[in-house]
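Student: This one is run_30.txt, compact mmCIF, C-alpha atoms.
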```txt
# COMPACT_ATOMS: atom_id res chain seq x y z
CA SER A 232 117.95 60.43 109.67
CA GLN A 233 118.66 63.05 112.31
CA LEU A 234 118.45 65.82 109.70
CA SER A 235 115.08 64.62 108.48
CA LEU A 236 113.37 64.91 111.86
CA PRO A 237 112.84 68.68 111.92
CA LEU A 238 111.55 68.79 108.37
CA LYS A 239 108.05 67.54 109.08
CA PRO A 240 107.22 69.94 111.92
CA LEU A 241 108.82 72.81 110.01
CA THR A 242 106.65 72.06 106.96
CA ILE A 243 103.54 71.89 109.12
CA HIS A 244 104.50 75.15 110.83
CA HIS A 245 105.11 76.80 107.44
CA PHE A 246 101.71 75.63 106.19
CA SER A 247 100.10 76.76 109.43
CA ILE A 248 101.52 80.26 109.11
CA HIS A 249 100.31 80.64 105.54
CA SER A 250 96.91 79.21 106.42
CA SER A 251 96.60 81.69 109.27
CA LEU A 252 97.64 84.56 107.04
CA TYR A 253 95.12 83.46 104.41
CA LEU A 254 92.30 83.26 106.95
CA LEU A 255 93.34 86.58 108.47
CA LEU A 256 93.33 88.27 105.07
CA ARG A 257 89.91 86.81 104.17
CA THR A 258 88.52 88.04 107.50
CA PHE A 259 90.07 91.47 106.99
CA LYS A 260 88.66 91.70 103.46
CA TYR A 261 85.18 90.95 104.77
CA ILE A 262 85.51 93.57 107.51
CA LYS A 263 86.89 96.07 104.98
CA LYS A 264 83.98 95.41 102.63
CA MET A 265 81.46 95.97 105.42
CA PHE A 266 83.30 99.12 106.54
CA ILE A 267 83.25 100.57 103.02
CA ARG A 268 79.52 99.92 102.79
CA LEU A 269 78.97 101.52 106.20
CA ILE A 270 80.99 104.62 105.32
CA SER A 271 79.18 104.97 102.00
CA PHE A 272 75.85 104.72 103.78
CA LEU A 273 76.74 107.19 106.52
CA VAL A 274 78.19 109.73 104.09
CA PHE A 275 75.26 109.72 101.73
CA ALA A 276 72.35 108.87 104.03
CA GLY A 277 71.70 112.51 104.79
CA PHE A 278 71.66 113.43 101.12
CA PHE A 279 69.08 110.80 100.22
CA VAL A 280 66.57 112.42 102.60
CA GLY A 281 64.21 114.47 100.47
CA VAL A 282 65.50 112.96 97.22
CA GLY A 283 63.01 110.92 95.20
CA THR A 284 63.34 107.17 95.43
CA GLY A 285 65.77 105.87 92.84
CA GLN A 286 66.89 109.35 91.82
CA PRO A 287 70.65 110.05 91.68
CA LEU A 288 72.11 112.79 93.86
CA VAL A 289 73.13 114.85 90.82
CA PRO A 290 71.54 115.03 87.36
CA ALA A 291 74.57 113.75 85.44
CA LEU A 292 78.15 112.49 85.77
CA ILE A 293 80.61 113.61 83.11
CA ILE A 294 84.11 112.12 82.81
CA MET A 295 87.20 113.43 81.03
CA GLY A 296 90.83 112.38 81.15
CA ASP A 297 93.09 109.41 80.43
CA SER A 298 93.20 105.61 80.73
CA VAL A 299 92.42 105.56 84.46
CA VAL A 300 88.88 106.69 83.59
CA ASP A 301 88.58 105.60 79.93
CA ALA A 302 85.51 103.37 79.57
CA GLY A 303 86.12 102.38 75.95
CA ASN A 304 86.65 105.51 73.85
CA ASN A 305 89.91 104.15 72.43
CA ASN A 306 88.31 100.89 71.26
CA HIS A 307 87.82 101.98 67.65
CA ARG A 308 90.85 104.24 67.34
CA THR A 309 94.08 103.35 65.56
CA THR A 310 96.21 103.30 68.68
CA LEU A 311 98.20 100.80 70.71
CA ILE A 312 96.69 102.20 73.90
CA LYS A 313 93.51 100.19 74.27
CA ALA A 314 92.11 97.45 76.49
CA ASN A 315 89.14 95.95 74.64
CA PHE A 316 90.46 92.38 74.77
CA PRO A 317 90.99 89.69 77.45
CA PRO A 318 92.02 89.41 80.17
CA ASN A 319 90.88 93.02 80.69
CA GLY A 320 87.34 93.10 82.03
CA ARG A 321 87.31 89.46 83.11
CA ASP A 322 85.78 90.41 86.49
CA PHE A 323 83.47 93.12 85.15
CA LEU A 324 79.68 92.74 85.46
CA THR A 325 79.38 91.19 82.00
CA HIS A 326 82.85 89.57 82.07
CA ASN A 327 83.55 91.40 78.81
CA SER A 328 86.47 93.59 77.78
CA THR A 329 84.73 96.96 77.61
CA GLY A 330 87.88 98.99 77.03
CA ARG A 331 88.46 99.70 80.71
CA PHE A 332 92.09 99.35 81.76
CA SER A 333 91.29 97.01 84.63
CA ASN A 334 90.03 93.54 85.41
CA GLY A 335 86.70 95.09 86.43
CA LYS A 336 85.22 98.37 87.58
CA LEU A 337 87.00 101.72 87.62
CA VAL A 338 86.89 104.26 90.45
CA ILE A 339 84.35 106.26 88.44
CA ASP A 340 82.07 103.21 88.21
CA PHE A 341 81.96 102.93 91.99
CA THR A 342 81.45 106.70 92.15
CA ALA A 343 78.45 106.45 89.82
CA GLU A 344 76.96 103.73 92.02
CA SER A 345 77.48 105.80 95.17
CA LEU A 346 75.75 108.77 93.55
CA GLY A 347 72.71 106.63 92.87
CA PHE A 348 73.03 106.07 89.12
CA THR A 349 71.73 102.77 87.80
CA SER A 350 74.14 102.80 84.84
CA TYR A 351 77.63 104.10 84.17
CA PRO A 352 78.38 107.17 82.04
CA VAL A 353 78.40 105.86 78.48
CA ALA A 354 81.63 106.08 76.46
CA TYR A 355 80.90 108.93 74.06
CA HIS A 356 82.48 107.14 71.09
CA SER A 357 80.61 103.88 71.68
CA HIS A 358 77.51 102.65 69.88
CA ASP A 359 75.48 103.18 73.06
CA ALA A 360 76.06 106.94 73.13
CA ASN A 361 72.68 108.01 71.82
CA GLY A 362 69.19 109.03 72.89
CA THR A 363 68.26 108.99 76.55
CA ASN A 364 71.52 107.21 77.43
CA LEU A 365 73.16 110.64 77.20
CA LEU A 366 70.86 112.36 79.67
CA THR A 367 72.64 111.10 82.79
CA GLY A 368 76.17 111.79 81.63
CA ALA A 369 78.92 110.68 79.29
CA ASN A 370 82.54 109.59 79.36
CA PHE A 371 84.97 111.40 77.04
CA ALA A 372 88.25 110.04 78.48
CA SER A 373 90.93 108.52 76.28
CA GLY A 374 93.86 106.33 77.27
CA ALA A 375 97.24 108.15 76.92
CA SER A 376 95.62 111.57 76.90
CA GLY A 377 97.20 114.32 78.99
CA PHE A 378 96.99 117.98 79.92
CA ASP A 379 99.43 118.55 77.06
CA ASP A 380 97.81 117.75 73.71
CA GLY A 381 101.27 116.82 72.47
CA THR A 382 101.22 113.78 74.75
CA SER A 383 97.94 112.58 73.27
CA LEU A 384 99.15 113.03 69.71
CA LEU A 385 102.14 110.75 70.37
CA TYR A 386 99.74 107.84 70.89
CA ASN A 387 96.82 108.98 68.73
CA ALA A 388 94.69 109.46 71.83
CA ILE A 389 91.84 111.97 72.05
CA THR A 390 93.36 115.24 73.21
CA LEU A 391 91.88 117.12 76.13
CA ASN A 392 90.91 119.96 73.80
CA GLN A 393 89.12 117.50 71.53
CA GLN A 394 87.37 116.01 74.55
CA LEU A 395 86.13 119.51 75.30
CA LYS A 396 84.87 119.89 71.72
CA ASN A 397 83.11 116.53 72.02
CA TYR A 398 81.55 117.75 75.26
CA LYS A 399 80.26 120.85 73.50
CA GLU A 400 78.73 118.64 70.79
CA TYR A 401 77.23 116.41 73.47
CA LYS A 402 75.70 119.43 75.20
CA THR A 403 74.01 120.41 71.93
CA LYS A 404 72.54 116.90 71.59
CA VAL A 405 71.12 117.02 75.11
CA THR A 406 69.75 120.54 74.56
CA ASN A 407 67.96 119.35 71.42
CA MET A 408 66.35 116.55 73.42
CA VAL A 409 65.20 118.40 76.55
CA GLY A 410 65.31 122.11 75.70
CA ARG A 411 67.73 124.85 76.72
CA ASP A 412 66.42 125.49 80.25
CA LYS A 413 66.43 121.82 81.26
CA ALA A 414 69.84 121.30 79.65
CA ASN A 415 71.32 124.24 81.57
CA GLU A 416 69.92 122.73 84.76
CA ILE A 417 71.49 119.36 83.95
CA PHE A 418 74.94 120.71 83.13
CA SER A 419 75.17 123.21 85.96
CA GLY A 420 74.18 120.48 88.43
CA ALA A 421 76.28 117.72 86.88
CA ILE A 422 79.57 116.62 88.41
CA HIS A 423 82.44 116.92 85.92
CA LEU A 424 85.42 114.73 86.80
CA LEU A 425 88.88 115.18 85.26
CA SER A 426 91.66 112.65 85.79
CA THR A 427 94.78 113.06 83.68
CA GLY A 428 98.46 114.00 83.78
CA SER A 429 100.21 110.68 84.40
CA SER A 430 100.89 110.15 80.70
CA ASP A 431 102.40 113.62 80.46
CA PHE A 432 105.20 112.46 82.73
CA LEU A 433 105.60 108.69 82.30
CA GLN A 434 104.84 108.44 78.59
CA SER A 435 106.19 111.80 77.46
CA TYR A 436 108.41 113.99 79.63
CA TYR A 437 110.54 111.28 81.27
CA ILE A 438 111.25 109.50 77.99
CA ASN A 439 111.52 112.53 75.69
CA PRO A 440 115.05 114.01 75.64
CA ILE A 441 113.82 117.13 73.83
CA LEU A 442 111.34 117.99 76.59
CA ASN A 443 114.01 117.17 79.17
CA ARG A 444 116.34 119.63 77.52
CA ILE A 445 113.77 122.43 77.28
CA PHE A 446 112.02 122.06 80.65
CA THR A 447 112.98 121.17 84.18
CA PRO A 448 110.32 119.06 85.93
CA ASP A 449 109.18 122.19 87.75
CA ARG A 450 108.89 124.22 84.56
CA TYR A 451 107.09 121.38 82.82
CA SER A 452 104.57 121.29 85.67
CA ASP A 453 104.03 125.02 85.17
CA ARG A 454 103.35 124.35 81.51
CA LEU A 455 100.76 121.71 82.41
CA MET A 456 99.15 124.10 84.90
CA ASN A 457 98.56 126.59 82.11
CA PHE A 458 96.76 123.91 80.10
CA TYR A 459 94.75 122.90 83.16
CA SER A 460 93.72 126.46 83.98
CA THR A 461 92.57 127.10 80.41
CA PHE A 462 90.63 123.83 80.35
CA VAL A 463 88.72 124.59 83.56
CA GLN A 464 87.85 128.10 82.40
CA ASN A 465 86.60 126.76 79.05
CA LEU A 466 84.54 124.08 80.80
CA TYR A 467 83.13 126.75 83.11
CA ASN A 468 82.20 128.91 80.12
CA LEU A 469 80.24 125.95 78.74
CA GLY A 470 78.11 125.85 81.88
CA ALA A 471 79.95 123.49 84.24
CA ARG A 472 79.75 124.58 87.88
CA ARG A 473 80.79 121.42 89.73
CA ILE A 474 84.24 120.18 88.77
CA GLY A 475 86.46 117.59 90.43
CA VAL A 476 90.08 116.95 89.43
CA THR A 477 92.40 114.22 90.71
CA THR A 478 95.98 114.80 91.74
CA LEU A 479 98.67 112.72 90.11
CA PRO A 480 99.03 109.30 91.76
CA PRO A 481 102.37 108.20 93.27
CA LEU A 482 103.89 107.52 89.84
CA GLY A 483 107.11 106.16 91.29
CA CYS A 484 105.21 103.31 92.94
CA LEU A 485 103.57 102.00 89.77
CA PRO A 486 104.99 98.59 88.79
CA ALA A 487 105.89 99.89 85.31
CA ALA A 488 107.74 102.88 86.78
CA ILE A 489 109.67 100.63 89.16
CA THR A 490 110.67 98.50 86.17
CA MET A 491 111.55 101.48 83.97
CA PHE A 492 113.57 103.39 86.52
CA GLY A 493 114.92 100.56 88.66
CA GLY A 494 114.88 99.91 92.37
CA ALA A 495 113.20 97.23 94.41
CA GLY A 496 112.66 99.12 97.64
CA ASN A 497 110.50 102.02 98.71
CA ASN A 498 113.27 104.53 97.95
CA ILE A 499 112.36 104.48 94.26
CA CYS A 500 108.90 105.69 95.21
CA VAL A 501 110.32 108.59 97.17
CA GLU A 502 112.74 109.66 94.44
CA LEU A 503 110.30 109.57 91.54
CA ASN A 504 107.45 111.05 93.52
CA ARG A 505 109.22 114.33 94.27
CA ASP A 506 108.07 115.70 90.93
CA VAL A 507 104.56 114.43 91.64
CA VAL A 508 104.37 116.17 95.01
CA SER A 509 105.53 119.43 93.42
CA PHE A 510 102.97 119.08 90.63
CA ASN A 511 100.16 118.33 93.06
CA THR A 512 101.02 121.41 95.12
CA LYS A 513 100.73 123.52 91.98
CA LEU A 514 97.45 121.79 91.11
CA ASN A 515 95.99 122.65 94.50
CA ASN A 516 97.14 126.26 94.31
CA THR A 517 95.86 126.72 90.75
CA SER A 518 92.53 125.14 91.67
CA MET A 519 92.15 127.45 94.65
CA TYR A 520 92.85 130.45 92.42
CA LEU A 521 90.27 129.31 89.85
CA ALA A 522 87.62 128.63 92.50
CA ASN A 523 88.04 132.17 93.82
CA LYS A 524 88.12 133.71 90.36
CA LEU A 525 85.09 132.03 88.77
CA PRO A 526 81.75 132.91 90.46
CA GLY A 527 79.60 129.96 91.49
CA LEU A 528 82.27 127.36 90.72
CA LYS A 529 82.71 124.40 93.06
CA LEU A 530 86.15 122.95 92.34
CA VAL A 531 87.43 120.01 94.38
CA VAL A 532 90.89 118.42 94.16
CA PHE A 533 90.73 114.70 94.91
CA ASP A 534 93.90 113.49 96.63
CA ILE A 535 94.53 110.23 94.81
CA TYR A 536 98.25 110.50 95.66
CA ASN A 537 98.05 109.81 99.39
CA SER A 538 95.07 107.50 98.98
CA LEU A 539 96.96 105.15 96.65
CA LEU A 540 100.29 105.60 98.44
CA SER A 541 98.80 104.38 101.72
CA ILE A 542 97.55 101.24 99.97
CA VAL A 543 100.88 100.57 98.25
CA MET A 544 102.90 101.06 101.43
CA ASN A 545 100.47 99.09 103.62
CA PRO A 546 98.93 96.45 101.36
CA VAL A 547 97.96 93.89 104.03
CA ALA A 548 96.25 96.55 106.15
CA ASN A 549 94.12 97.34 103.09
CA GLY A 550 93.36 93.71 102.23
CA PHE A 551 96.05 92.98 99.62
CA PHE A 552 99.00 90.58 99.33
CA GLU A 553 100.93 92.28 96.51
CA SER A 554 101.55 95.98 95.83
CA ARG A 555 104.86 95.96 93.93
CA ARG A 556 103.90 93.73 91.02
CA ALA A 557 100.73 93.71 88.94
CA CYS A 558 98.38 90.82 88.26
CA CYS A 559 98.67 90.76 84.47
CA GLY A 560 101.59 88.85 82.97
CA THR A 561 104.91 89.21 84.79
CA GLY A 562 103.47 92.16 86.69
CA THR A 563 106.25 94.51 85.65
CA MET A 564 105.49 96.38 82.42
CA GLU A 565 102.42 94.78 80.86
CA THR A 566 99.63 97.17 79.95
CA SER A 567 97.50 97.83 76.88
CA PHE A 568 98.40 95.36 74.09
CA LEU A 569 101.11 93.77 76.27
CA CYS A 570 98.43 92.70 78.76
CA ASN A 571 96.62 90.11 76.66
CA ALA A 572 95.20 86.60 76.80
CA ARG A 573 98.62 85.12 76.01
CA SER A 574 100.48 87.03 78.72
CA VAL A 575 102.37 84.43 80.73
CA GLY A 576 102.03 84.54 84.50
CA THR A 577 98.73 86.42 84.86
CA CYS A 578 97.35 85.85 88.36
CA SER A 579 94.14 83.92 88.93
CA ASN A 580 92.80 86.19 91.68
CA ALA A 581 93.24 89.92 91.08
CA THR A 582 91.64 90.83 94.42
CA ASN A 583 94.99 90.11 96.07
CA TYR A 584 96.75 92.70 93.90
CA VAL A 585 96.76 96.50 94.17
CA PHE A 586 97.57 96.78 90.46
CA TRP A 587 95.91 95.04 87.56
CA ASP A 588 98.64 95.94 85.05
CA GLY A 589 101.83 97.98 85.12
CA PHE A 590 99.96 101.30 85.31
CA HIS A 591 96.39 100.72 86.48
CA PRO A 592 94.78 99.61 89.77
CA SER A 593 92.75 96.43 90.07
CA GLU A 594 89.01 96.55 90.65
CA ALA A 595 89.62 95.72 94.31
CA ALA A 596 91.98 98.69 94.65
CA ASN A 597 89.56 100.92 92.75
CA ARG A 598 86.86 100.01 95.26
CA VAL A 599 89.08 101.04 98.18
CA LEU A 600 90.18 104.23 96.41
CA ALA A 601 86.58 105.19 95.66
CA ALA A 602 85.70 104.82 99.33
CA LYS A 603 88.72 106.89 100.37
CA LEU A 604 87.80 109.67 97.94
CA LEU A 605 84.10 109.61 98.79
CA VAL A 606 84.21 112.11 101.65
CA GLN A 607 86.45 114.51 99.72
CA GLY A 608 83.73 115.17 97.17
CA ILE A 609 80.85 116.00 99.50
CA SER A 610 80.99 119.72 98.65
CA LEU A 611 80.29 118.89 95.00
CA ILE A 612 76.95 117.38 96.00
CA SER A 613 75.76 119.80 98.66
```
Any chance you could give the structure as structure tokens?

Tutor:
Amino acid sequence: SQLSLPLKPLTIHHFSIHSSLYLLLRTFKYIKKMFIRLISFLVFAGFFVGVGTGQPLVPALIIMGDSVVDAGNNNHRTTLIKANFPPNGRDFLTHNSTGRFSNGKLVIDFTAESLGFTSYPVAYHSHDANGTNLLTGANFASGASGFDDGTSLLYNAITLNQQLKNYKEYKTKVTNMVGRDKANEIFSGAIHLLSTGSSDFLQSYYINPILNRIFTPDRYSDRLMNFYSTFVQNLYNLGARRIGVTTLPPLGCLPAAITMFGGAGNNICVELNRDVVSFNTKLNNTSMYLANKLPGLKLVVFDIYNSLLSIVMNPVANGFFESRRACCGTGTMETSFLCNARSVGTCSNATNYVFWDGFHPSEAANRVLAAKLLVQGISLIS
């Protein structure tokens, strides 16, 4: 009987602590939401002055890259890398699986909203990619694509070079609709966003013994920089003058990477991210060189690395409970076809999680990331 006495107050105290933490997190999430709205308003308020009511800040938004920005281009491809089935998209506007690798919106969706667009760039290989839907932009991204076309071919994704060819075809369609002068105005004023490279490392280099034998991580990064440089110059030659590219994220902190390479603490992040930091340094240097070389080019590098790392390392401060495991399934490796309606253990509330699946952020994290990256892209608008 003596042992039973402390149990009741301890249980109450335990419940009280968790209740307080829950209330604190809800309060913090509300404050964070208001802060994000305030920052978005302050950043863009000046740009809306003199712009017609309801008009976006730029004529079009064009997306290229991999699964982080794929809005459904892999849906009809023969590939395992797709997300057009539940529970993906369960928190999206229509609660449908659009092909986005997330429970809801991507960073680019929030970006489109911030720029004043009333719709998101249409997936170029979807049934909606026709007529006036193409005039405000298009999304060419494909899950598992990389700077290296060899990475894409491993998973039957749309290579970056093919995305560029599709863009050229798209430009012809727009020109036929509005005329050459208007088309040139659209494409020179459009923001072109490129987000790729993660698959080159996690789904190719690190698991391919042949590449490991031929290239050191540093040499492989140099190889990818050559592809990147050529891509930007080709895009520039097609009329693009405003280009944004994201750095690699902290790959070592992704739930799937932690599972693949082991380690439960933060040390695994540090070890695996050394290659990422080196790559990102090269990306910044190459981008600076290209911006100086190509007249009239505005080229911005978006630092997704530190933006996501700060969320992963300080989840509660950013409004999250969990940053080491994902929401879908066991939260370790599930992504693509492994993240499905039968996945056991999928969380009920993804807003508490930084990651939706083993590789991709949740909508809540994408919202925070979009706000963090907002200020970095001001020069692309001005």

Student: Kindly assemble as a tab-separated table a list of the range 283-320 of chain A residues that lie within 12 Å of range 457-474 of chain A, each paired with its nearest atom pair and their distance in Å to one decimal, using all atoms listed in the file, sorted first by chain and then by ascending residue number.

Tutor:
```
residue	atom	partner	partner_atom	distance
A:Val289	CA	A:Arg473	CA	10.2
A:Pro290	CA	A:Arg473	CA	11.5
A:Ala291	CA	A:Arg473	CA	10.8
A:Leu292	CA	A:Arg473	CA	10.1
A:Ile293	CA	A:Ile474	CA	9.4
A:Ile294	CA	A:Ile474	CA	10.0
A:Met295	CA	A:Ile474	CA	10.7
A:Gly296	CA	A:Tyr459	CA	11.4
```

Student: For Tyr520 in chain A, which of A:Tyr437, A:Met456, A:Leu391, A:Gly608 is the closest residue, counting all atoms listed in the file?

Tutor: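 Of A:Tyr437, A:Met456, A:Leu391, A:Gly608, the one nearest Tyr520 in chain A is A:Met456, counting all atoms listed in the file.
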
Student: Give me, please, the distance in Å between CA of Leu395 in chain A and CA of Gly377 in chain A, quoted to one decimal.

Tutor: 12.8 Å

Student: Leaving out range 593-595 of chain A and any residue of its chain fewer than 3 positions from it, which residues lie within 6 Å of it when counting all atoms listed in the file, given as number ranges by chain?

Tutor: A: 333, 335-336, 582, 585-587, 598

Student: Could you work out how far CA of Ser345 in chain A lies from CA of Leu521 in chain A, giving the answer in Å with one decimal?

Tutor: 27.3 Å

Student: For Gly330 in chain A, which residue among A:Tyr398, A:Ala488, A:Glu553, A:Phe568 is the nearest when counting only C-alpha atoms?

Tutor: A:Phe568

Student: For Pro287 in chain A, which residue among A:Ile612, A:Asn597, A:Asn415, A:Leu384 is the nearest when counting all atoms listed in the file?

Tutor: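 Checking each candidate against Pro287 in chain A, we get A:Ile612 as the closest.
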
Student: Between CA of Cys570 in chain A and CA of Val353 in chain A, what distance in Å does the model show, to one decimal?

Tutor: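 Between these atoms lies a distance of 24.0 Å.
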
Student: Taking (99.8, 113.3, 74.5) as a centre in this file's frame and 12 Å as the limit, can you find every polymer residue with an atom that close, using all atoms listed in the file, and give them as a PyMOL selection string?

Tutor: chain A and resi 296-298+312+373-393+427-436+439+455

Student: What would the list of residues within 10 Å of (102.6, 116.7, 96.6) (file frame) look like as number ranges by chain, if all atoms listed in the file are what count?

Tutor: A: 478-481, 504-515, 534, 536-537

Student: Identify which of the residues A:Val547, A:Cys558, A:Ile445, A:Ile535 lies closest to Leu600 in chain A, counting only C-alpha atoms when measuring atom-to-atom distances.

Tutor: A:Ile535

Student: Kindly indicate which residue among A:Leu442, A:Ile422, A:Ala360, A:Met544 lies nearest to Val405 in chain A, using all atoms listed in the file for the distances.

Tutor: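 Looking only at the distances to Val405 in chain A, the closest residue turns out to be A:Ala360.
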
Student: Find the residues around Glu565 in chain A up to 7 Å (only C-alpha atoms counted), leave out those fewer than 5 positions away in its own chain, and share them as a JSON list (two decimals) with C-alpha atoms, in the coordinates of the input.

Tutor:
```
[["chain", "number", "residue", "atom", "x", "y", "z"],
["A", 559, "CYS", "CA", 98.67, 90.76, 84.47],
["A", 560, "GLY", "CA", 101.59, 88.85, 82.97],
["A", 570, "CYS", "CA", 98.43, 92.70, 78.76],
["A", 588, "ASP", "CA", 98.64, 95.94, 85.05],
["A", 589, "GLY", "CA", 101.83, 97.98, 85.12]]
```

Student: For Thr310 in chain A, which of A:Ser567, A:Thr447, A:Thr367, A:Thr342 is the closest residue, counting only C-alpha atoms?

Tutor: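 Of the candidates, the smallest distance to Thr310 in chain A is held by A:Ser567.
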